[in-house]
$ cat my_file11.cif   # mmCIF, C-alpha atoms
data_coords
loop_
_atom_site.group_PDB
_atom_site.id
_atom_site.type_symbol
_atom_site.label_atom_id
_atom_site.label_comp_id
_atom_site.auth_asym_id
_atom_site.auth_seq_id
_atom_site.Cartn_x
_atom_site.Cartn_y
_atom_site.Cartn_z
ATOM 1 C CA MET A 1 50.830 64.528 -52.968
ATOM 2 C CA ASN A 2 51.320 63.788 -49.283
ATOM 3 C CA LYS A 3 47.775 64.937 -48.656
ATOM 4 C CA ASN A 4 46.410 62.520 -51.295
ATOM 5 C CA LEU A 5 48.437 59.662 -49.834
ATOM 6 C CA LEU A 6 47.111 60.280 -46.365
ATOM 7 C CA LEU A 7 43.546 60.384 -47.677
ATOM 8 C CA THR A 8 44.013 57.083 -49.487
ATOM 9 C CA VAL A 9 45.394 55.387 -46.356
ATOM 10 C CA PHE A 10 42.486 56.705 -44.270
ATOM 11 C CA VAL A 11 39.916 55.342 -46.749
ATOM 12 C CA LEU A 12 41.601 51.924 -46.776
ATOM 13 C CA ILE A 13 41.533 51.790 -42.948
ATOM 14 C CA LEU A 14 37.791 52.582 -42.912
ATOM 15 C CA ILE A 15 37.062 49.858 -45.474
ATOM 16 C CA GLY A 16 39.052 47.297 -43.481
ATOM 17 C CA PHE A 17 37.294 48.178 -40.204
ATOM 18 C CA SER A 18 33.863 47.902 -41.817
ATOM 19 C CA SER A 19 34.743 44.508 -43.314
ATOM 20 C CA CYS A 20 35.844 43.170 -39.899
ATOM 21 C CA ASN A 21 32.580 44.237 -38.274
ATOM 22 C CA LYS A 22 30.503 42.491 -40.950
ATOM 23 C CA THR A 23 32.545 39.302 -40.580
ATOM 24 C CA LYS A 24 32.080 39.387 -36.812
ATOM 25 C CA GLU A 25 28.315 39.909 -37.141
ATOM 26 C CA LYS A 26 28.071 37.025 -39.599
ATOM 27 C CA THR A 27 30.025 34.721 -37.284
ATOM 28 C CA GLU A 28 27.848 35.615 -34.287
ATOM 29 C CA SER A 29 24.723 35.007 -36.348
ATOM 30 C CA VAL A 30 25.929 31.532 -37.346
ATOM 31 C CA GLN A 31 26.755 30.645 -33.737
ATOM 32 C CA VAL A 32 23.263 31.581 -32.508
ATOM 33 C CA SER A 33 21.540 29.562 -35.214
ATOM 34 C CA GLU A 34 23.497 26.417 -34.233
ATOM 35 C CA ILE A 35 22.264 26.243 -30.581
ATOM 36 C CA PRO A 36 20.336 22.929 -30.332
ATOM 37 C CA THR A 37 16.659 22.926 -29.390
ATOM 38 C CA VAL A 38 15.992 21.041 -26.100
ATOM 39 C CA GLU A 39 12.680 19.202 -25.928
ATOM 40 C CA GLU A 40 10.710 19.822 -22.714
ATOM 41 C CA VAL A 41 10.218 16.827 -20.428
ATOM 42 C CA PHE A 42 7.375 16.873 -17.895
ATOM 43 C CA GLU A 43 7.994 14.799 -14.759
ATOM 44 C CA GLY A 44 4.273 14.291 -14.276
ATOM 45 C CA ASP A 45 3.913 12.259 -17.461
ATOM 46 C CA THR A 46 3.570 8.567 -16.485
ATOM 47 C CA ALA A 47 2.373 5.511 -18.320
ATOM 48 C CA SER A 48 -1.143 4.357 -17.548
ATOM 49 C CA ALA A 49 -1.559 1.401 -15.194
ATOM 50 C CA GLU A 50 -1.742 -2.013 -16.803
ATOM 51 C CA ILE A 51 -5.203 -3.507 -17.256
ATOM 52 C CA LYS A 52 -5.589 -7.281 -17.251
ATOM 53 C CA LYS A 53 -8.681 -9.234 -18.189
ATOM 54 C CA ARG A 54 -8.718 -11.785 -15.369
ATOM 55 C CA PRO A 55 -7.830 -11.395 -11.680
ATOM 56 C CA GLU A 56 -5.758 -14.582 -11.905
ATOM 57 C CA ASP A 57 -3.450 -12.835 -14.380
ATOM 58 C CA PHE A 58 -1.985 -10.844 -11.462
ATOM 59 C CA ILE A 59 -0.824 -13.911 -9.514
ATOM 60 C CA PRO A 60 2.997 -14.035 -9.586
ATOM 61 C CA LYS A 61 5.047 -17.115 -10.309
ATOM 62 C CA GLY A 62 5.437 -19.333 -7.255
ATOM 63 C CA TYR A 63 1.946 -18.639 -5.906
ATOM 64 C CA VAL A 64 -1.523 -20.108 -6.343
ATOM 65 C CA PRO A 65 -4.994 -18.688 -5.590
ATOM 66 C CA PHE A 66 -6.248 -19.525 -2.103
ATOM 67 C CA ASP A 67 -9.426 -17.472 -1.653
ATOM 68 C CA THR A 68 -11.346 -14.596 -3.251
ATOM 69 C CA ILE A 69 -13.367 -11.688 -1.858
ATOM 70 C CA THR A 70 -15.450 -9.262 -3.894
ATOM 71 C CA GLY A 71 -16.951 -5.878 -3.094
ATOM 72 C CA ASP A 72 -16.674 -2.193 -3.938
ATOM 73 C CA PHE A 73 -13.733 -0.826 -1.933
ATOM 74 C CA ASN A 74 -13.114 2.361 -3.945
ATOM 75 C CA LYS A 75 -16.788 3.420 -3.999
ATOM 76 C CA ASP A 76 -17.192 3.725 -7.757
ATOM 77 C CA GLY A 77 -20.184 1.398 -7.937
ATOM 78 C CA LEU A 78 -18.221 -1.505 -9.444
ATOM 79 C CA GLU A 79 -17.422 -4.787 -7.729
ATOM 80 C CA ASP A 80 -13.698 -4.953 -7.044
ATOM 81 C CA TYR A 81 -11.713 -8.106 -6.442
ATOM 82 C CA ILE A 82 -9.364 -9.310 -3.738
ATOM 83 C CA LEU A 83 -7.230 -12.393 -4.181
ATOM 84 C CA ILE A 84 -5.685 -14.278 -1.294
ATOM 85 C CA ILE A 85 -2.675 -16.134 -2.663
ATOM 86 C CA LYS A 86 -0.421 -18.813 -1.212
ATOM 87 C CA GLY A 87 3.193 -19.743 -1.834
ATOM 88 C CA THR A 88 4.177 -23.067 -3.382
ATOM 89 C CA ASP A 89 7.644 -23.587 -1.899
ATOM 90 C CA LYS A 90 7.930 -27.364 -1.361
ATOM 91 C CA SER A 91 10.439 -26.871 1.444
ATOM 92 C CA LYS A 92 7.654 -25.255 3.513
ATOM 93 C CA VAL A 93 5.592 -28.464 3.475
ATOM 94 C CA ILE A 94 6.305 -30.366 6.689
ATOM 95 C CA THR A 95 5.145 -33.588 8.313
ATOM 96 C CA ASP A 96 3.706 -33.155 11.792
ATOM 97 C CA GLU A 97 3.773 -36.052 14.236
ATOM 98 C CA TYR A 98 0.069 -35.753 14.992
ATOM 99 C CA ARG A 99 -1.439 -33.808 12.098
ATOM 100 C CA GLY A 100 0.397 -35.348 9.181
ATOM 101 C CA LYS A 101 1.531 -33.322 6.158
ATOM 102 C CA LEU A 102 1.117 -29.554 6.610
ATOM 103 C CA ASP A 103 1.665 -26.805 4.057
ATOM 104 C CA ARG A 104 3.244 -23.909 5.952
ATOM 105 C CA ASN A 105 3.645 -21.617 2.941
ATOM 106 C CA ARG A 106 2.632 -18.077 3.796
ATOM 107 C CA ARG A 107 -0.306 -16.270 2.218
ATOM 108 C CA GLY A 108 -0.668 -12.815 0.720
ATOM 109 C CA ILE A 109 -3.164 -10.381 -0.742
ATOM 110 C CA ILE A 110 -3.694 -8.770 -4.151
ATOM 111 C CA ALA A 111 -6.368 -6.054 -4.375
ATOM 112 C CA LEU A 112 -7.713 -5.229 -7.835
ATOM 113 C CA ILE A 113 -9.869 -2.343 -9.039
ATOM 114 C CA ASN A 114 -12.633 -3.173 -11.497
ATOM 115 C CA LYS A 115 -12.172 -1.014 -14.619
ATOM 116 C CA ASN A 116 -15.150 -2.486 -16.535
ATOM 117 C CA ASP A 117 -12.934 -3.835 -19.307
ATOM 118 C CA GLY A 118 -10.565 -5.570 -16.895
ATOM 119 C CA TYR A 119 -8.753 -5.129 -13.594
ATOM 120 C CA GLU A 120 -6.062 -2.760 -12.373
ATOM 121 C CA LEU A 121 -3.677 -3.461 -9.503
ATOM 122 C CA ALA A 122 -4.448 -1.422 -6.381
ATOM 123 C CA VAL A 123 -2.354 -3.040 -3.637
ATOM 124 C CA LYS A 124 -0.204 -6.135 -3.293
ATOM 125 C CA ASN A 125 1.489 -7.820 -0.352
ATOM 126 C CA TYR A 126 2.509 -11.370 -1.167
ATOM 127 C CA ASP A 127 3.502 -12.751 2.256
ATOM 128 C CA CYS A 128 1.820 -10.804 5.071
ATOM 129 C CA PHE A 129 -0.331 -13.702 6.363
ATOM 130 C CA SER A 130 0.885 -16.913 7.952
ATOM 131 C CA SER A 131 -0.347 -20.255 6.649
ATOM 132 C CA GLU A 132 -3.671 -21.807 7.607
ATOM 133 C CA ASN A 133 -1.771 -24.686 9.232
ATOM 134 C CA GLU A 134 -0.038 -22.980 12.153
ATOM 135 C CA GLU A 135 0.117 -24.377 15.686
ATOM 136 C CA GLY A 136 -2.736 -23.378 17.964
ATOM 137 C CA GLY A 137 -1.484 -24.922 21.191
ATOM 138 C CA VAL A 138 -4.341 -26.540 23.120
ATOM 139 C CA TYR A 139 -6.779 -24.805 20.766
ATOM 140 C CA TYR A 140 -6.887 -24.272 17.032
ATOM 141 C CA ALA A 141 -4.939 -21.384 15.496
ATOM 142 C CA PRO A 142 -6.821 -18.125 14.785
ATOM 143 C CA GLU A 143 -8.657 -18.188 11.457
ATOM 144 C CA LEU A 144 -8.126 -15.448 8.894
ATOM 145 C CA ASP A 145 -11.313 -13.811 7.627
ATOM 146 C CA LEU A 146 -11.622 -10.945 5.112
ATOM 147 C CA GLU A 147 -14.644 -8.885 4.118
ATOM 148 C CA ILE A 148 -15.385 -5.766 2.062
ATOM 149 C CA LYS A 149 -18.248 -3.793 3.582
ATOM 150 C CA ASN A 150 -19.350 -0.160 3.219
ATOM 151 C CA GLY A 151 -16.280 0.656 1.152
ATOM 152 C CA LYS A 152 -13.861 -0.693 3.761
ATOM 153 C CA LEU A 153 -11.694 -3.794 3.976
ATOM 154 C CA TYR A 154 -11.920 -5.775 7.206
ATOM 155 C CA ILE A 155 -9.153 -8.242 8.022
ATOM 156 C CA ALA A 156 -10.066 -10.304 11.068
ATOM 157 C CA TYR A 157 -8.621 -13.164 13.068
ATOM 158 C CA ARG A 158 -11.313 -15.227 14.776
ATOM 159 C CA HIS A 159 -10.292 -17.449 17.653
ATOM 160 C CA GLY A 160 -13.475 -19.155 18.750
ATOM 161 C CA ARG A 161 -14.079 -19.074 22.505
ATOM 162 C CA TYR A 162 -11.039 -16.829 23.007
ATOM 163 C CA GLY A 163 -12.463 -13.931 21.000
ATOM 164 C CA TYR A 164 -11.247 -12.090 17.912
ATOM 165 C CA TRP A 165 -9.308 -9.075 16.639
ATOM 166 C CA GLU A 166 -10.070 -7.104 13.501
ATOM 167 C CA TYR A 167 -8.321 -4.440 11.419
ATOM 168 C CA THR A 168 -10.288 -1.876 9.411
ATOM 169 C CA PHE A 169 -8.647 -0.512 6.258
ATOM 170 C CA ARG A 170 -9.828 2.169 3.853
ATOM 171 C CA TYR A 171 -8.549 2.534 0.303
ATOM 172 C CA GLN A 172 -6.948 5.969 0.010
ATOM 173 C CA ASN A 173 -3.647 7.452 -1.151
ATOM 174 C CA ASN A 174 -3.166 4.488 -3.523
ATOM 175 C CA ASP A 175 -3.094 1.966 -0.675
ATOM 176 C CA PHE A 176 -5.214 0.494 2.098
ATOM 177 C CA GLU A 177 -4.580 2.548 5.228
ATOM 178 C CA LEU A 178 -5.373 1.259 8.706
ATOM 179 C CA ILE A 179 -8.100 3.435 10.232
ATOM 180 C CA GLY A 180 -9.521 1.167 12.935
ATOM 181 C CA TYR A 181 -8.906 -1.782 15.223
ATOM 182 C CA ASP A 182 -11.356 -3.788 17.346
ATOM 183 C CA ALA A 183 -10.735 -6.760 19.603
ATOM 184 C CA SER A 184 -12.552 -8.890 22.134
ATOM 185 C CA SER A 185 -10.823 -11.125 24.663
ATOM 186 C CA ASN A 186 -13.158 -13.854 25.882
ATOM 187 C CA ARG A 187 -13.399 -16.803 28.206
ATOM 188 C CA GLY A 188 -15.977 -18.809 26.355
ATOM 189 C CA PRO A 189 -19.179 -16.729 26.248
ATOM 190 C CA VAL A 190 -17.890 -14.307 28.893
ATOM 191 C CA THR A 191 -16.216 -11.118 27.679
ATOM 192 C CA LEU A 192 -13.048 -10.240 29.569
ATOM 193 C CA ALA A 193 -12.099 -7.072 27.697
ATOM 194 C CA GLU A 194 -13.045 -5.103 24.601
ATOM 195 C CA THR A 195 -10.730 -2.732 22.749
ATOM 196 C CA SER A 196 -11.624 -0.219 20.043
ATOM 197 C CA ILE A 197 -9.173 2.166 18.349
ATOM 198 C CA ASN A 198 -9.957 4.900 15.837
ATOM 199 C CA PHE A 199 -6.689 5.923 14.189
ATOM 200 C CA LEU A 200 -8.298 8.929 12.496
ATOM 201 C CA THR A 201 -9.400 10.524 15.776
ATOM 202 C CA ARG A 202 -6.536 8.808 17.676
ATOM 203 C CA LYS A 203 -8.998 7.655 20.335
ATOM 204 C CA LYS A 204 -8.603 4.320 22.132
ATOM 205 C CA ILE A 205 -11.391 2.854 24.265
ATOM 206 C CA VAL A 206 -10.964 -0.185 26.509
ATOM 207 C CA ASN A 207 -13.850 -1.825 28.371
ATOM 208 C CA GLN A 208 -12.387 -4.093 31.047
ATOM 209 C CA ASN A 209 -14.544 -6.637 32.856
ATOM 210 C CA THR A 210 -13.875 -6.188 36.583
ATOM 211 C CA ASN A 211 -16.046 -9.124 37.677
ATOM 212 C CA ASP A 212 -13.617 -12.040 37.571
ATOM 213 C CA ASP A 213 -16.311 -14.571 38.481
ATOM 214 C CA ALA A 214 -18.840 -13.283 35.981
ATOM 215 C CA ASP A 215 -21.120 -15.602 34.092
ATOM 216 C CA VAL A 216 -22.730 -14.648 30.791
ATOM 217 C CA GLY A 217 -24.407 -11.266 31.181
ATOM 218 C CA GLU A 218 -22.832 -10.618 34.591
ATOM 219 C CA GLU A 219 -19.824 -8.693 33.303
ATOM 220 C CA VAL A 220 -19.080 -5.355 34.960
ATOM 221 C CA PHE A 221 -17.088 -3.126 32.630
ATOM 222 C CA GLU A 222 -14.751 -0.311 33.515
ATOM 223 C CA LYS A 223 -14.251 2.077 30.602
ATOM 224 C CA THR A 224 -10.924 3.759 29.888
ATOM 225 C CA GLU A 225 -10.322 6.314 27.141
ATOM 226 C CA THR A 226 -6.876 7.408 26.008
ATOM 227 C CA LYS A 227 -5.543 9.665 23.263
ATOM 228 C CA LEU A 228 -2.887 8.156 21.027
ATOM 229 C CA SER A 229 0.143 10.047 19.806
ATOM 230 C CA PRO A 230 -0.130 11.302 16.216
ATOM 231 C CA ASN A 231 1.361 8.852 13.762
ATOM 232 C CA LYS A 232 1.252 8.246 10.039
ATOM 233 C CA LEU A 233 -1.469 5.764 9.089
ATOM 234 C CA LEU A 234 -0.137 2.256 8.563
ATOM 235 C CA ARG A 235 -0.345 0.988 4.982
ATOM 236 C CA LEU A 236 -1.321 -2.560 4.102
ATOM 237 C CA SER A 237 1.500 -2.852 1.574
ATOM 238 C CA ASP A 238 4.042 -2.140 4.352
ATOM 239 C CA ILE A 239 2.898 -4.850 6.792
ATOM 240 C CA SER A 240 5.397 -7.698 6.701
ATOM 241 C CA ASP A 241 3.619 -10.045 9.129
ATOM 242 C CA PHE A 242 0.181 -9.635 10.706
ATOM 243 C CA ASP A 243 1.183 -12.076 13.446
ATOM 244 C CA GLU A 244 3.785 -9.574 14.655
ATOM 245 C CA LEU A 245 1.609 -6.481 14.205
ATOM 246 C CA ASP A 246 1.042 -4.435 17.366
ATOM 247 C CA VAL A 247 -1.325 -1.493 17.010
ATOM 248 C CA SER A 248 -2.374 -1.196 20.653
ATOM 249 C CA GLY A 249 -0.590 2.120 21.112
ATOM 250 C CA ASP A 250 0.572 1.118 24.619
#
$ encode --input "my_file11.cif" --output "structure tokens"
Amino acid sequence: MNKNLLLTVFVLILIGFSSCNKTKEKTESVQVSEIPTVEEVFEGDTASAEIKKRPEDFIPKGYVPFDTITGDFNKDGLEDYILIIKGTDKSKVITDEYRGKLDRNRRGIIALINKNDGYELAVKNYDCFSSENEEGGVYYAPELDLEIKNGKLYIAYRHGRYGYWEYTFRYQNNDFELIGYDASSNRGPVTLAETSINFLTRKKIVNQNTNDDADVGEEVFEKTETKLSPNKLLRLSDISDFDELDVSGD
């Protein structure tokens, strides 16, 4: 009888142990099935750039169109568009004693890529140029002049008998980067000095006229070449004021 009792107890223990294992396995199975599925997100996914039908649609509130330049600056065979814009802040309109009412609102640039069915914003800088009504002292103020040629953007300041200076930009890395600078300092028709900088090769060349009494064609130039320190190319969108821009490398 004792032997039968022990056998019965042993069987009951085995049944209970087996039941616990099955319950545990069932619980673990339920827990695994309830783990939520996480959707993958790719950081490289970005919305496409906005296309607008007319270049004027990119002009922000508080500005008006001032000038336009066309040409292919991204070398895709299509004629791109550059808008020069001007602020409309009434507080910037002054009355000069000799010149009368002058609009001193600053000017900016909006560069647009031709996409066939409209235009896409390439670069914007709303206030990098001074107004066309600045003081020129005994002479008129330098005149802003822009041109797209051979896939490059040239931004020049022409100062009549005193010469000129010109910045060469190339559209790359989603901006216009400054790759060249040329300037001529004159006394009327006589050249006093010429400067040329290539920011890609970091070479600066200065031709200095050493004949102080030179007439036209009598200049004697002394050439100096220097190597500039390596620097990141300046971007058009980062230039706050061309009047304060110094790229001489001195």
$ residues_around --input "my_file11.cif" --residues "Asn114 of chain A" --least-positions-apart "2" --cutoff "9 Å" --atoms "only C-alpha atoms" --output "list in words"
Asp72, Leu78, Glu79, Asp80, Tyr81, Leu112, Asn116, Asp117, Gly118, Tyr119 and Glu120 of chain A
$ write_last_selection --input "my_file11.cif" --atoms "C-alpha atoms" --output "PDB file, in the coordinates of the input"
ATOM      1  CA  ASP A  72     -16.674  -2.193  -3.938  1.00  0.00           C
ATOM      2  CA  LEU A  78     -18.221  -1.505  -9.444  1.00  0.00           C
ATOM      3  CA  GLU A  79     -17.422  -4.787  -7.729  1.00  0.00           C
ATOM      4  CA  ASP A  80     -13.698  -4.953  -7.044  1.00  0.00           C
ATOM      5  CA  TYR A  81     -11.713  -8.106  -6.442  1.00  0.00           C
ATOM      6  CA  LEU A 112      -7.713  -5.229  -7.835  1.00  0.00           C
ATOM      7  CA  ASN A 116     -15.150  -2.486 -16.535  1.00  0.00           C
ATOM      8  CA  ASP A 117     -12.934  -3.835 -19.307  1.00  0.00           C
ATOM      9  CA  GLY A 118     -10.565  -5.570 -16.895  1.00  0.00           C
ATOM     10  CA  TYR A 119      -8.753  -5.129 -13.594  1.00  0.00           C
ATOM     11  CA  GLU A 120      -6.062  -2.760 -12.373  1.00  0.00           C
TER      12      GLU A 120
END
$ resolve_selection --input "my_file11.cif" --expression "the PyMOL selection byres ((chain A and resi 207) around 9)" --output "PyMOL selection string"
chain A and resi 192-196+205-206+208-209+221-225
$ resolve_selection --input "my_file11.cif" --expression "the PyMOL selection byres ((chain A and resi 172-184) around 6)" --output "PDB file with C-alpha atoms, keeping the file's coordinate frame"
ATOM      1  CA  VAL A 123      -2.354  -3.040  -3.637  1.00  0.00           C
ATOM      2  CA  GLY A 163     -12.463 -13.931  21.000  1.00  0.00           C
ATOM      3  CA  TYR A 164     -11.247 -12.090  17.912  1.00  0.00           C
ATOM      4  CA  TRP A 165      -9.308  -9.075  16.639  1.00  0.00           C
ATOM      5  CA  GLU A 166     -10.070  -7.104  13.501  1.00  0.00           C
ATOM      6  CA  TYR A 167      -8.321  -4.440  11.419  1.00  0.00           C
ATOM      7  CA  THR A 168     -10.288  -1.876   9.411  1.00  0.00           C
ATOM      8  CA  PHE A 169      -8.647  -0.512   6.258  1.00  0.00           C
ATOM      9  CA  ARG A 170      -9.828   2.169   3.853  1.00  0.00           C
ATOM     10  CA  TYR A 171      -8.549   2.534   0.303  1.00  0.00           C
ATOM     11  CA  SER A 185     -10.823 -11.125  24.663  1.00  0.00           C
ATOM     12  CA  ALA A 193     -12.099  -7.072  27.697  1.00  0.00           C
ATOM     13  CA  GLU A 194     -13.045  -5.103  24.601  1.00  0.00           C
ATOM     14  CA  THR A 195     -10.730  -2.732  22.749  1.00  0.00           C
ATOM     15  CA  SER A 196     -11.624  -0.219  20.043  1.00  0.00           C
ATOM     16  CA  ILE A 197      -9.173   2.166  18.349  1.00  0.00           C
ATOM     17  CA  ASN A 198      -9.957   4.900  15.837  1.00  0.00           C
ATOM     18  CA  PHE A 199      -6.689   5.923  14.189  1.00  0.00           C
ATOM     19  CA  LEU A 200      -8.298   8.929  12.496  1.00  0.00           C
ATOM     20  CA  LEU A 233      -1.469   5.764   9.089  1.00  0.00           C
ATOM     21  CA  LEU A 234      -0.137   2.256   8.563  1.00  0.00           C
ATOM     22  CA  ARG A 235      -0.345   0.988   4.982  1.00  0.00           C
ATOM     23  CA  LEU A 236      -1.321  -2.560   4.102  1.00  0.00           C
TER      24      LEU A 236
END
$ atom_distance --input "my_file11.cif" --atom1 "atom CA of Lys52 of chain A" --atom2 "atom CA of Ile82 of chain A"
14.2 Å
$ atom_distance --input "my_file11.cif" --atom1 "atom CA of Arg99 of chain A" --atom2 "atom CA of Ile84 of chain A"
24.1 Å
$ closest_residue --input "my_file11.cif" --among "A:Asn105, A:Ser237, A:Ser248, A:Thr201" --to "Ser91 of chain A" --atoms "all atoms listed in the file"
A:Asn105
$ residues_around --input "my_file11.cif" --residues "Leu121 of chain A" --least-positions-apart "2" --cutoff "8 Å" --atoms "all atoms listed in the file" --output "NGL selection string"
:A and (49-51 or 58 or 110-113 or 119 or 123-124)
$ residues_around --input "my_file11.cif" --residues "segment 157-160 of chain A" --least-positions-apart "5" --cutoff "6 Å" --atoms "all atoms listed in the file" --output "list in words"
Pro142, Glu143, Leu144 and Trp165 of chain A
$ resolve_selection --input "my_file11.cif" --expression "the PyMOL selection byres ((chain A and resi 139) around 10)" --output "NGL selection string"
:A and (135-138 or 140-142 or 159-162)
$ write_last_selection --input "my_file11.cif" --atoms "C-alpha atoms" --output "PDB file, in the coordinates of the input"
ATOM      1  CA  GLU A 135       0.117 -24.377  15.686  1.00  0.00           C
ATOM      2  CA  GLY A 136      -2.736 -23.378  17.964  1.00  0.00           C
ATOM      3  CA  GLY A 137      -1.484 -24.922  21.191  1.00  0.00           C
ATOM      4  CA  VAL A 138      -4.341 -26.540  23.120  1.00  0.00           C
ATOM      5  CA  TYR A 140      -6.887 -24.272  17.032  1.00  0.00           C
ATOM      6  CA  ALA A 141      -4.939 -21.384  15.496  1.00  0.00           C
ATOM      7  CA  PRO A 142      -6.821 -18.125  14.785  1.00  0.00           C
ATOM      8  CA  HIS A 159     -10.292 -17.449  17.653  1.00  0.00           C
ATOM      9  CA  GLY A 160     -13.475 -19.155  18.750  1.00  0.00           C
ATOM     10  CA  ARG A 161     -14.079 -19.074  22.505  1.00  0.00           C
ATOM     11  CA  TYR A 162     -11.039 -16.829  23.007  1.00  0.00           C
TER      12      TYR A 162
END
$ atom_distance --input "my_file11.cif" --atom1 "atom CA of Asp76 of chain A" --atom2 "atom CA of Asn150 of chain A"
11.8 Å
$ axis_aligned_box --input "my_file11.cif" --around "segment 118-132 of chain A" --padding-each-side "3 Å" --output "JSON"
{"center_x": -3.5, "center_y": -11.6, "center_z": -4.5, "size_x": 20.1, "size_y": 26.4, "size_z": 30.8}
$ residues_around --input "my_file11.cif" --residues "segment 100-104 of chain A" --least-positions-apart "3" --cutoff "8 Å" --atoms "all atoms listed in the file" --output "list in words"
Lys92, Val93, Ile94, Thr95, Asp96, Glu97, Ser130, Ser131, Glu132, Asn133 and Glu134 of chain A
$ build_atoms --input "my_file11.cif" --residues "segment 238-250 of chain A" --atoms "N, CA and C atoms" --output "short mmCIF file (atom, residue, chain, number, x, y, z; two decimals), in the coordinates of the input"
data_model
loop_
_atom_site.label_atom_id
_atom_site.label_comp_id
_atom_site.auth_asym_id
_atom_site.auth_seq_id
_atom_site.Cartn_x
_atom_site.Cartn_y
_atom_site.Cartn_z
N ASP A 238 2.83 -2.20 3.54
CA ASP A 238 4.04 -2.14 4.35
C ASP A 238 4.06 -3.16 5.49
N ILE A 239 2.97 -3.90 5.68
CA ILE A 239 2.90 -4.85 6.79
C ILE A 239 3.58 -6.15 6.39
N SER A 240 4.65 -6.50 7.07
CA SER A 240 5.40 -7.70 6.70
C SER A 240 4.78 -8.96 7.29
N ASP A 241 4.16 -8.85 8.48
CA ASP A 241 3.62 -10.04 9.13
C ASP A 241 2.52 -9.62 10.10
N PHE A 242 1.29 -9.99 9.82
CA PHE A 242 0.18 -9.64 10.71
C PHE A 242 0.33 -10.28 12.08
N ASP A 243 1.00 -11.41 12.15
CA ASP A 243 1.18 -12.08 13.45
C ASP A 243 2.04 -11.24 14.39
N GLU A 244 2.89 -10.40 13.84
CA GLU A 244 3.78 -9.57 14.66
C GLU A 244 3.28 -8.14 14.79
N LEU A 245 2.12 -7.85 14.23
CA LEU A 245 1.61 -6.48 14.20
C LEU A 245 1.05 -6.08 15.57
N ASP A 246 1.53 -4.97 16.09
CA ASP A 246 1.04 -4.43 17.37
C ASP A 246 0.55 -3.01 17.14
N VAL A 247 -0.75 -2.82 17.24
CA VAL A 247 -1.32 -1.49 17.01
C VAL A 247 -1.99 -0.95 18.27
N SER A 248 -1.68 -1.55 19.41
CA SER A 248 -2.37 -1.20 20.65
C SER A 248 -2.09 0.23 21.10
N GLY A 249 -0.93 0.76 20.72
CA GLY A 249 -0.59 2.12 21.11
C GLY A 249 -0.11 2.23 22.54
N ASP A 250 0.10 1.10 23.22
CA ASP A 250 0.57 1.12 24.62
C ASP A 250 2.08 1.37 24.69
#
